[in-house]
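coords_19.txt (compact mmCIF, C-alpha atoms)
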```
# COMPACT_ATOMS: atom_id res chain seq x y z
CA MET A 30 122.70 96.84 76.48
CA LYS A 31 123.70 95.72 79.95
CA SER A 32 123.41 92.06 79.02
CA ALA A 33 125.64 92.72 76.02
CA ILE A 34 128.25 94.29 78.31
CA PHE A 35 128.16 91.20 80.53
CA ILE A 36 128.71 88.97 77.47
CA LEU A 37 131.62 91.16 76.44
CA PHE A 38 133.12 90.72 79.90
CA LEU A 39 132.91 86.94 79.54
CA VAL A 40 134.57 87.17 76.13
CA ILE A 41 137.35 89.24 77.71
CA MET A 42 137.99 86.60 80.33
CA MET A 43 138.12 83.88 77.68
CA ILE A 44 140.53 85.84 75.50
CA SER A 45 142.77 86.64 78.46
CA CYS A 46 143.19 82.94 79.08
CA THR A 47 144.13 82.03 75.48
CA SER A 48 147.56 80.59 74.82
CA GLY A 49 150.43 82.31 73.06
CA GLY A 50 150.95 85.22 75.47
CA LYS A 51 149.83 87.83 72.91
CA GLU A 52 147.69 90.51 74.54
CA ASN A 53 144.38 91.19 72.82
CA VAL A 54 142.48 93.80 74.84
CA MET A 55 138.79 94.17 74.03
CA THR A 56 137.59 97.76 73.68
CA TYR A 57 134.38 99.71 73.91
CA THR A 58 133.54 102.76 71.78
CA VAL A 59 132.33 105.63 73.95
CA ALA A 60 129.02 107.06 72.74
CA ARG A 61 126.31 109.37 73.96
CA GLY A 62 123.08 107.83 75.15
CA THR A 63 120.51 107.76 77.93
CA PHE A 64 121.82 106.70 81.32
CA GLU A 65 119.37 104.77 83.44
CA ASN A 66 119.84 103.52 86.97
CA THR A 67 117.11 101.00 87.67
CA LEU A 68 116.05 98.51 90.33
CA THR A 69 114.13 95.37 89.46
CA ILE A 70 111.89 94.07 92.24
CA ASP A 71 108.93 91.73 92.25
CA GLY A 72 105.51 92.95 93.29
CA TYR A 73 101.92 91.81 93.07
CA VAL A 74 98.74 93.31 91.73
CA GLU A 75 96.06 94.51 94.12
CA PRO A 76 92.81 96.38 93.62
CA LEU A 77 92.83 100.06 94.50
CA ARG A 78 90.12 99.37 97.04
CA SER A 79 89.42 96.10 98.79
CA THR A 80 88.33 94.62 102.09
CA THR A 81 90.78 92.25 103.74
CA ALA A 82 90.20 89.34 106.09
CA ASN A 83 93.30 89.17 108.30
CA CYS A 84 94.88 86.65 110.62
CA PRO A 85 93.62 87.24 114.20
CA PRO A 86 95.86 89.46 116.37
CA TYR A 87 98.67 87.89 118.42
CA ILE A 88 98.27 84.55 116.64
CA GLU A 89 100.96 82.40 115.05
CA GLY A 90 99.69 79.31 113.26
CA THR A 91 99.21 77.58 109.91
CA VAL A 92 96.46 77.68 107.32
CA GLY A 93 94.18 74.68 107.76
CA PHE A 94 91.55 75.76 105.24
CA LEU A 95 91.51 78.54 102.66
CA VAL A 96 88.76 79.46 100.24
CA GLU A 97 89.59 78.92 96.57
CA ASP A 98 90.43 81.91 94.40
CA GLY A 99 87.45 83.35 92.57
CA THR A 100 84.86 81.95 94.97
CA TYR A 101 81.92 84.29 95.52
CA VAL A 102 81.28 84.52 99.27
CA LYS A 103 78.63 86.19 101.37
CA GLU A 104 79.17 88.10 104.58
CA GLY A 105 79.77 85.61 107.39
CA ASP A 106 80.94 82.75 105.15
CA VAL A 107 84.10 80.97 106.37
CA VAL A 108 87.04 81.96 104.16
CA CYS A 109 89.94 80.63 106.24
CA ILE A 110 90.63 78.46 109.27
CA VAL A 111 93.91 78.99 111.10
CA GLU A 112 95.24 76.05 113.09
CA VAL A 113 97.10 76.64 116.37
CA ALA A 114 97.69 73.38 118.25
CA GLU A 115 98.96 75.13 121.38
CA LEU A 116 95.79 77.22 121.64
CA GLN A 117 93.55 74.15 121.47
CA THR A 118 95.70 72.44 124.10
CA ARG A 119 95.49 75.52 126.32
CA TYR A 120 91.71 75.64 125.94
CA ASP A 121 91.35 71.94 126.79
CA GLN A 122 93.51 72.37 129.90
CA LEU A 123 91.56 75.45 131.04
CA LYS A 124 88.29 73.63 130.49
CA ALA A 125 89.47 70.68 132.62
CA ASP A 126 90.74 73.04 135.35
CA TYR A 127 87.45 74.95 135.29
CA GLU A 128 85.40 71.78 135.69
CA ILE A 129 87.61 70.62 138.57
CA ALA A 130 87.29 74.02 140.25
CA GLN A 131 83.51 73.86 139.95
CA VAL A 132 83.51 70.39 141.56
CA ASN A 133 85.81 71.66 144.34
CA LEU A 134 83.49 74.62 144.92
CA THR A 135 80.46 72.36 145.20
CA LYS A 136 82.36 70.00 147.52
CA ALA A 137 83.57 72.89 149.70
CA GLU A 138 80.04 74.28 149.95
CA ALA A 139 78.71 70.83 150.90
CA ASP A 140 81.47 70.20 153.48
CA LEU A 141 81.01 73.59 155.11
CA ALA A 142 77.21 73.18 155.10
CA LEU A 143 77.61 69.80 156.86
CA ARG A 144 79.97 71.23 159.46
CA TYR A 145 77.62 74.13 160.02
CA ALA A 146 74.63 71.78 160.41
CA LEU A 147 76.49 69.58 162.90
CA LEU A 148 77.54 72.59 164.94
CA GLU A 149 74.02 73.96 164.89
CA ALA A 150 72.79 70.58 166.18
CA GLU A 151 75.33 70.74 168.99
CA VAL A 152 74.12 74.24 169.86
CA LYS A 153 70.51 73.08 170.00
CA THR A 154 71.47 70.07 172.13
CA ASN A 155 73.30 72.40 174.48
CA GLU A 156 70.26 74.65 174.72
CA ALA A 157 68.14 71.65 175.66
CA GLU A 158 70.66 70.58 178.29
CA THR A 159 70.66 74.13 179.68
CA GLN A 160 66.88 74.14 180.03
CA ILE A 161 66.96 70.76 181.77
CA ALA A 162 69.68 71.94 184.14
CA ARG A 163 67.61 75.00 185.02
CA LEU A 164 64.52 72.90 185.73
CA ASP A 165 66.54 70.60 187.94
CA SER A 166 67.92 73.56 189.86
CA LEU A 167 64.39 74.80 190.57
CA GLN A 168 63.43 71.41 192.01
CA LEU A 169 66.32 71.50 194.49
CA LYS A 170 65.07 74.26 196.74
CA TYR A 171 64.82 71.93 199.63
CA ALA A 172 67.65 69.60 198.66
CA PRO A 173 70.84 69.34 200.65
CA PRO A 174 73.38 72.13 199.99
CA ASN A 175 75.83 69.72 198.34
CA GLN A 176 73.34 68.67 195.71
CA VAL A 177 72.36 72.31 195.07
CA LYS A 178 76.03 73.17 194.62
CA ILE A 179 76.54 70.32 192.16
CA LYS A 180 73.54 71.39 190.06
CA GLU A 181 74.76 74.98 189.99
CA LEU A 182 78.17 73.83 188.74
CA GLU A 183 76.51 71.69 186.05
CA LEU A 184 74.46 74.70 184.94
CA GLN A 185 77.62 76.82 184.74
CA GLN A 186 79.33 74.12 182.67
CA VAL A 187 76.40 73.95 180.24
CA THR A 188 76.44 77.75 179.95
CA ILE A 189 80.17 77.72 179.19
CA GLN A 190 79.63 75.08 176.49
CA LYS A 191 76.80 77.17 175.05
CA ASN A 192 79.09 80.20 174.76
CA ARG A 193 81.82 78.07 173.18
CA PHE A 194 79.39 76.59 170.63
CA GLU A 195 78.03 80.03 169.75
CA LYS A 196 81.57 81.35 169.16
CA LYS A 197 82.44 78.32 167.03
CA LEU A 198 79.27 78.87 165.03
CA GLU A 199 80.16 82.52 164.38
CA ALA A 200 83.75 81.57 163.45
CA LEU A 201 82.46 78.88 161.08
CA LYS A 202 80.27 81.46 159.34
CA VAL A 203 83.33 83.64 158.69
CA ILE A 204 85.43 80.65 157.57
CA ARG A 205 82.60 79.48 155.34
CA GLN A 206 82.31 82.86 153.64
CA SER A 207 86.10 83.16 153.17
CA GLU A 208 86.64 79.64 151.78
CA ILE A 209 83.64 79.87 149.47
CA LYS A 210 84.78 83.26 148.19
CA MET A 211 88.26 81.89 147.45
CA GLN A 212 86.79 78.95 145.55
CA GLU A 213 84.35 81.21 143.71
CA LEU A 214 87.17 83.60 142.76
CA LYS A 215 89.22 80.71 141.37
CA VAL A 216 86.22 79.47 139.38
CA GLN A 217 85.63 83.00 138.02
CA GLN A 218 89.27 83.43 137.02
CA LEU A 219 89.24 80.11 135.20
CA ALA A 220 85.92 81.01 133.57
CA ASN A 221 87.42 84.28 132.28
CA GLY A 222 90.51 82.50 130.96
CA LEU A 223 88.34 79.84 129.36
CA GLN A 224 86.20 82.49 127.67
CA THR A 225 89.29 84.27 126.35
CA ALA A 226 90.69 81.00 124.99
CA ARG A 227 87.28 80.17 123.48
CA ASP A 228 87.13 83.58 121.80
CA ARG A 229 90.63 83.13 120.39
CA LEU A 230 89.72 79.69 119.10
CA GLU A 231 86.57 81.03 117.49
CA ALA A 232 88.59 83.86 115.93
CA LEU A 233 90.70 81.24 114.13
CA THR A 234 87.67 80.66 111.94
CA VAL A 235 87.95 83.75 109.76
CA LYS A 236 84.74 84.89 108.09
CA ALA A 237 84.06 87.19 105.16
CA PRO A 238 83.44 90.76 106.36
CA LYS A 239 81.23 91.47 103.30
CA ASP A 240 79.87 89.94 100.12
CA GLY A 241 82.36 89.67 97.27
CA LEU A 242 84.77 87.66 95.15
CA ALA A 243 87.42 86.03 97.37
CA VAL A 244 91.05 86.35 96.30
CA ARG A 245 93.81 84.68 98.28
CA ALA A 246 96.35 87.12 99.71
CA THR A 247 100.06 86.98 98.90
CA ASN A 248 102.35 85.10 101.27
CA TRP A 249 104.83 87.59 102.73
CA VAL A 250 107.58 84.96 102.70
CA THR A 251 107.17 83.15 99.36
CA ARG A 252 105.67 86.14 97.49
CA LYS A 253 103.13 83.66 96.09
CA LYS A 254 99.48 83.20 96.92
CA LEU A 255 98.75 81.64 100.28
CA GLN A 256 98.29 77.89 100.34
CA THR A 257 96.99 75.40 102.89
CA GLY A 258 99.78 74.66 105.37
CA ASP A 259 101.49 78.05 105.02
CA PRO A 260 102.50 79.76 108.27
CA VAL A 261 100.58 82.94 109.15
CA TRP A 262 100.78 85.37 112.04
CA HIS A 263 99.52 88.61 113.64
CA LEU A 264 97.18 90.53 111.27
CA MET A 265 98.70 89.00 108.14
CA PRO A 266 96.28 89.35 105.17
CA LEU A 267 94.55 86.07 104.34
CA VAL A 268 91.81 86.81 101.83
CA ASN A 269 90.97 89.96 99.87
CA LEU A 270 87.53 90.98 98.66
CA PRO A 271 88.44 93.43 95.87
CA GLU A 272 86.55 96.12 94.05
CA PHE A 273 87.54 95.86 90.40
CA ALA A 274 87.33 99.56 89.51
CA GLY A 275 91.14 99.88 89.32
CA MET A 276 94.42 98.14 90.17
CA LYS A 277 97.72 99.01 91.78
CA VAL A 278 100.98 97.17 92.44
CA ILE A 279 102.41 96.48 95.88
CA ILE A 280 106.22 96.24 95.84
CA ARG A 281 107.96 94.67 98.83
CA ALA A 282 111.45 96.21 98.92
CA SER A 283 114.33 95.24 101.17
CA GLU A 284 115.88 97.90 103.39
CA ALA A 285 118.84 98.13 100.98
CA ASP A 286 116.60 98.89 97.95
CA TYR A 287 113.99 100.93 99.83
CA LYS A 288 116.29 103.90 100.50
CA TYR A 289 116.98 104.42 96.78
CA ILE A 290 113.33 104.50 95.72
CA ASN A 291 111.48 107.83 95.73
CA THR A 292 107.87 108.86 95.34
CA GLY A 293 107.28 109.78 91.69
CA ASP A 294 109.83 107.34 90.23
CA SER A 295 108.59 105.73 87.01
CA VAL A 296 107.92 101.99 86.94
CA ILE A 297 107.67 99.58 84.00
CA TYR A 298 105.76 96.35 84.68
CA THR A 299 105.73 92.96 83.05
CA PHE A 300 103.64 90.00 84.20
CA ASP A 301 104.70 86.36 84.17
CA ALA A 302 101.13 85.20 83.62
CA MET A 303 100.60 87.67 80.74
CA PRO A 304 103.59 87.54 78.35
CA GLY A 305 103.88 90.63 76.18
CA ASN A 306 101.62 92.69 78.42
CA GLU A 307 103.57 95.75 79.53
CA ALA A 308 102.31 98.45 81.89
CA TYR A 309 103.56 101.80 83.14
CA GLY A 310 103.06 103.67 86.38
CA LYS A 311 104.70 105.67 89.17
CA ILE A 312 105.64 105.19 92.82
CA GLN A 313 102.76 106.63 94.83
CA MET A 314 103.55 105.88 98.47
CA LYS A 315 106.29 104.39 100.65
CA SER A 316 105.39 102.74 103.92
CA PRO A 317 107.49 104.30 106.72
CA VAL A 318 107.38 101.13 108.82
CA GLY A 319 108.96 97.86 107.75
CA GLN A 320 107.44 94.42 108.21
CA GLN A 321 109.31 91.35 109.41
CA HIS A 322 110.26 88.90 106.70
CA LYS A 323 108.89 86.24 109.02
CA GLU A 324 107.99 85.95 112.67
CA ASN A 325 110.88 87.04 114.95
CA SER A 326 113.05 87.82 111.92
CA LYS A 327 115.44 90.80 111.94
CA VAL A 328 115.10 91.18 108.16
CA LYS A 329 112.49 93.77 107.22
CA PHE A 330 110.70 94.57 104.00
CA PHE A 331 108.87 97.80 103.20
CA ASP A 332 105.65 98.00 101.22
CA ILE A 333 105.74 100.46 98.33
CA GLU A 334 102.55 101.29 96.45
CA ALA A 335 102.74 102.05 92.72
CA SER A 336 100.06 103.03 90.24
CA ILE A 337 99.14 101.36 86.95
CA ASP A 338 98.59 104.35 84.66
CA SER A 339 98.63 102.64 81.27
CA VAL A 340 98.41 98.97 80.31
CA ARG A 341 97.34 96.88 77.35
CA THR A 342 95.28 94.45 79.39
CA MET A 343 94.58 95.07 83.09
CA PRO A 344 95.93 92.12 85.15
CA ASP A 345 93.81 90.36 87.75
CA PRO A 346 94.42 90.81 91.50
CA GLY A 347 97.18 88.55 92.81
CA TYR A 348 99.20 88.47 89.57
CA THR A 349 102.96 88.71 90.08
CA ALA A 350 104.50 91.82 88.53
CA ASN A 351 108.13 92.29 87.58
CA CYS A 352 108.75 95.95 88.48
CA ARG A 353 111.58 97.87 86.80
CA ILE A 354 111.91 101.10 88.81
CA LEU A 355 113.66 103.98 87.06
CA ILE A 356 115.59 105.66 89.87
CA THR A 357 117.71 108.03 87.72
CA GLN A 358 117.62 108.98 84.06
CA VAL A 359 120.01 111.31 82.21
CA LYS A 360 119.53 111.80 78.47
CA ASP A 361 122.23 112.59 75.90
CA THR A 362 125.28 111.89 78.05
CA LEU A 363 128.51 109.91 77.76
CA ILE A 364 128.11 106.41 79.21
CA VAL A 365 130.81 103.79 79.78
CA PRO A 366 130.68 100.32 81.39
CA GLN A 367 131.80 100.21 85.01
CA ILE A 368 134.29 97.48 84.08
CA ALA A 369 136.12 100.03 81.91
CA VAL A 370 136.73 102.42 84.85
CA PHE A 371 139.76 101.76 87.04
CA GLU A 372 141.25 103.40 90.10
CA GLU A 373 144.89 104.46 90.10
CA ASP A 374 146.38 106.37 93.04
CA SER A 375 142.92 107.42 94.26
CA ILE A 376 141.80 108.79 90.88
CA LYS A 377 139.45 107.30 88.30
CA VAL A 378 140.99 106.45 84.93
CA VAL A 379 140.15 104.78 81.65
CA TYR A 380 142.59 103.40 79.09
CA VAL A 381 142.10 105.05 75.68
CA LYS A 382 143.42 103.18 72.67
CA ARG A 383 145.87 105.18 70.57
CA GLY A 384 147.05 103.08 67.67
CA LYS A 385 148.46 99.88 69.15
CA LYS A 386 148.96 101.36 72.62
CA PHE A 387 146.85 102.95 75.34
CA ASP A 388 146.84 106.25 77.20
CA MET A 389 145.86 106.24 80.86
CA GLN A 390 143.24 109.01 80.87
CA GLN A 391 141.96 110.53 84.11
CA VAL A 392 138.16 110.96 84.15
CA GLN A 393 135.61 112.42 86.49
CA ILE A 394 132.60 110.24 87.09
CA GLY A 395 129.11 111.68 87.43
CA ILE A 396 126.24 109.52 88.55
CA SER A 397 126.65 105.79 88.22
CA SER A 398 125.01 102.44 88.67
CA PRO A 399 126.52 99.03 89.40
CA LYS A 400 126.92 98.45 85.63
CA GLU A 401 127.38 101.87 84.03
CA ALA A 402 128.89 105.28 84.75
CA VAL A 403 128.39 108.76 83.35
CA ILE A 404 131.59 110.53 82.30
CA ALA A 405 131.47 114.17 83.44
CA PHE A 406 135.00 115.13 82.30
CA GLY A 407 137.87 113.45 80.48
CA LEU A 408 136.28 112.03 77.31
CA GLN A 409 134.61 113.60 74.27
CA GLY A 410 132.97 110.60 72.67
CA ASN A 411 133.93 108.04 70.02
CA GLU A 412 137.09 107.05 71.95
CA GLU A 413 137.94 103.37 72.17
CA ILE A 414 138.54 102.41 75.80
CA ALA A 415 139.84 99.12 77.19
CA LEU A 416 137.45 96.77 78.99
CA MET A 417 140.37 95.36 80.96
CA LYS A 418 143.55 96.91 82.27
CA PRO A 419 146.31 96.69 79.64
CA SER A 420 149.75 95.44 80.56
CA SER A 421 152.51 97.97 81.35
CA SER A 422 154.15 97.32 77.98
CA SER A 423 150.99 98.49 76.20
CA LEU A 424 150.83 101.85 78.00
CA ARG A 425 151.99 105.02 76.26
CA LYS A 426 151.40 107.98 78.61
CA ARG A 427 149.24 109.38 81.42
CA VAL A 428 146.86 112.27 80.87
CA PHE A 429 145.43 114.19 83.83
CA LEU A 430 142.52 116.58 84.01
CA PRO A 431 143.16 120.29 84.66
CA VAL A 432 142.70 121.33 88.26
CA ASP A 433 139.54 123.35 87.51
CA SER A 434 137.80 120.19 86.37
CA THR A 435 138.46 117.93 89.32
CA ARG A 436 139.17 120.64 91.94
CA ASN A 437 141.06 118.14 94.00
CA LYS A 438 144.29 117.60 92.04
CA PRO A 439 147.26 119.87 91.39
CA VAL A 440 147.92 121.02 87.82
CA ASN A 441 149.78 118.33 85.92
CA THR A 442 149.69 118.62 82.13
CA SER A 443 152.77 116.51 81.42
CA ASN A 444 152.57 113.61 79.04
CA GLU A 445 154.86 111.40 81.00
CA ILE A 446 156.07 108.30 79.21
CA ILE A 447 155.48 105.26 81.41
```
Please go through the file and, once you have read it, give me the structure as C-alpha cells.
Amino acid sequence: MKSAIFILFLVIMMISCTSGGKENVMTYTVARGTFENTLTIDGYVEPLRSTTANCPPYIEGTVGFLVEDGTYVKEGDVVCIVEVAELQTRYDQLKADYEIAQVNLTKAEADLALRYALLEAEVKTNEAETQIARLDSLQLKYAPPNQVKIKELELQQVTIQKNRFEKKLEALKVIRQSEIKMQELKVQQLANGLQTARDRLEALTVKAPKDGLAVRATNWVTRKKLQTGDPVWHLMPLVNLPEFAGMKVIIRASEADYKYINTGDSVIYTFDAMPGNEAYGKIQMKSPVGQQHKENSKVKFFDIEASIDSVRTMPDPGYTANCRILITQVKDTLIVPQIAVFEEDSIKVVYVKRGKKFDMQQVQIGISSPKEAVIAFGLQGNEEIALMKPSSSSLRKRVFLPVDSTRNKPVNTSNEII
C-alpha cells in the first residue's frame, strides 16, 4: 500500500508539470483499514545458546586468519589469528632492551667484582707492609733515636693507609649492592614488560574454548560475516560455537530507531538467502548499553534480541534477516497518506473534493507514521481528498471542527467562501 502511495506521488508530480495550465489534482478515497507503524532493520540469526571466541581485551588489529564456516573444531584448535603490527614491534623492542639490560647487569657485576678484588689486594698488601714495619720497629731498640722516630712514623702511615683501605672496601660493598640492585630492578621491570607483551601476542592466537561447529561472527561494521583483513577490537566476537537447539535474531538498531522499539513488539522476518521463507517472533530484550559503530566512533548501535516463534524452515546461524518490527497497530480506523495532510494556520487540514471544487476540512490526527496518519476527527470515510494542495481558484469553503473535538480552537461553524 505504501509503495502504491509513493507511485501516486510521482504521478502527481508528473501531472503537475504537464503543459496547458489546466489543474488536475489527484485524489485518494478515504477508507477504513489497519494502521501499522513499522521499522525495517537488518539483523542476523544466532543460536539461542552458543560459546563465543572473542577478540582479546584492549586489542585493535586485523584478522590474519579465520577458520572457515562449518569447520568442526576441538577445544584448543586455532580459530583466529589477530594481527597487530605495533604489538610485535613493541615486543621486539622490549626483548632487545631486556637482553641489553642483562648484558649491562653482567658487566656491572664483573666490573664491581674486579674493583673489589683489586681493593682487597691493596688491603692485603697494606697488612703485609704493616707487619714488616712492626718487625722493623722491634729491631730498632738500640738504634739511634732518629731512626726509631722514622720507623714509628712509617708505621703510623701504614696504619692510616690500612684504615683508608678498609673504609674504601666497606664503601665499595655498599656501592656494589646499590648498583647491582638498580641493574637487577631494571632487568626485572623489562622482564615483566616482556612477559606481558608475550602474553598479549600469544592471546592474538585465539583458540576454540570447546568442541563444536565453528561459525564466523558478524562484522559490527559491515553487518556481514567476518573476513580475513577485517578490523577487530576489544572483545569483539570472532567465532561462535553454536548449539542448534533453537535460533534467535540479533537486531542492531541505531539510537534513533532504538527508542521506538519496545519489548513485546511483533517482528516479521524474511531472509535473503532463503527466498519465500517467512518467520514471526517478538522483541525479547533490549540492551541498555550501546556499542560503538567502530573504534573511537561517536555513533552507537544497540543490540536487540528477538525470538523466532514460527518459521517454515529454520535458518542457519549467521543468515541475514530483514526484520519488519510492528511498533503500533490500530485495526478498523480511518487512514490517509501523510502527503494528503497539510498545515494551515497551525491546524491540520485535508482538501475534500466536492464536485469540481474542494473544501478545506480541518482534521485531528491520531497516531501517525512517516507515510500514513490516522484521522481521529473530521472525516467519516469514503471522502475523496486531494494528494496535493489545490490552487486558490479550486477552493470552495473552509470547515472547522467544533471546539469539543479539538479543545484548542474557538467555535467557528461558518462556511466562509474563500
Adding 3 Å on each side of the box along x, y and z that holds all listed atoms of stretch 221-236 of chain A, could you give its centre and edge lengths in Å to one decimal, as AutoDock Vina command-line options?
```
--center_x 87.7 --center_y 82.3 --center_z 120.2 --size_x 12.0 --size_y 11.2 --size_z 30.2
```
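Candidate residues A:Glu272, A:Asp98, A:Asp106, A:Glu373 were compared for distance to A:Thr234, and the nearest is A:Asp106, using only C-alpha atoms.
If all atoms listed in the file are the atoms counted, then among A:Gly410, A:Lys382, A:Gln320, A:Gly241 the closest residue to A:Phe273 is A:Gly241.
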Up to 12 Å from (140.4, 100.0, 87.8) in the file's coordinates: name the residues, counting only C-alpha atoms, as a count of residues only.
24
A:Ala82 environment, 8 Å, all atoms listed in the file, sequence neighbours closer than 2 positions dropped, as an MDAnalysis selection string
chainID A and resid 80 84 235:238 266:269
Need the neighbours of (151.1, 100.8, 71.6): which residues are at most 9 Å away, counting all atoms listed in the file, as number ranges by chain?
A: 382-388, 422-425
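Of the listed residues A:Tyr348, A:Trp249, A:Tyr289, A:Tyr120, the one whose atoms come nearest to A:Met303 is A:Tyr348, with distances taken using only C-alpha atoms.
Relative to atom CA of A:Ser295, atom CA of A:Val59 is found at 27.1 Å.
You can rank A:Val111, A:Ala274, A:Ile209, A:Leu430 by their closest distance to A:Pro346 using only C-alpha atoms, and at the top of that list sits A:Ala274.
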Which polymer residues have any atom within 9 Å of an atom of A:Pro260, counting all atoms listed in the file, with same-chain residues fewer than 5 positions away left out, as a short mmCIF file (atom, residue, chain, number, x, y, z; two decimals) with C-alpha atoms, in the frame of the given file?
```
data_model
loop_
_atom_site.label_atom_id
_atom_site.label_comp_id
_atom_site.auth_asym_id
_atom_site.auth_seq_id
_atom_site.Cartn_x
_atom_site.Cartn_y
_atom_site.Cartn_z
CA GLU A 89 100.96 82.40 115.05
CA GLY A 90 99.69 79.31 113.26
CA THR A 91 99.21 77.58 109.91
CA VAL A 92 96.46 77.68 107.32
CA ASN A 248 102.35 85.10 101.27
#
```
Distance in Å - atom CA of A:Val108 versus atom CA of A:Phe331
27.0 Å
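Distance check against A:Met276 using only C-alpha atoms: of A:Ala335, A:Ile396, A:Val54, A:Leu219, the minimum falls on A:Ala335.
You will find atom CA of A:Leu123 at 25.4 Å from atom CA of A:Cys109.
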Could you give me, as number ranges by chain, the residues within 12 Å of A:Lys215, counting only C-alpha atoms and dropping anything in the same chain fewer than 2 positions from it?
A: 123, 126-134, 208-213, 217-222
Write out as a PyMOL selection string which residues come within 8 Å of A:Lys311 when counting all atoms listed in the file, dropping same-chain ones fewer than 5 positions away.
chain A and resi 292-296+335-338
Would you mind listing what lies within 10 Å of stretch 70-77 of chain A as a count of residues only, with only C-alpha atoms counted and same-chain residues fewer than 5 positions away left out?
43
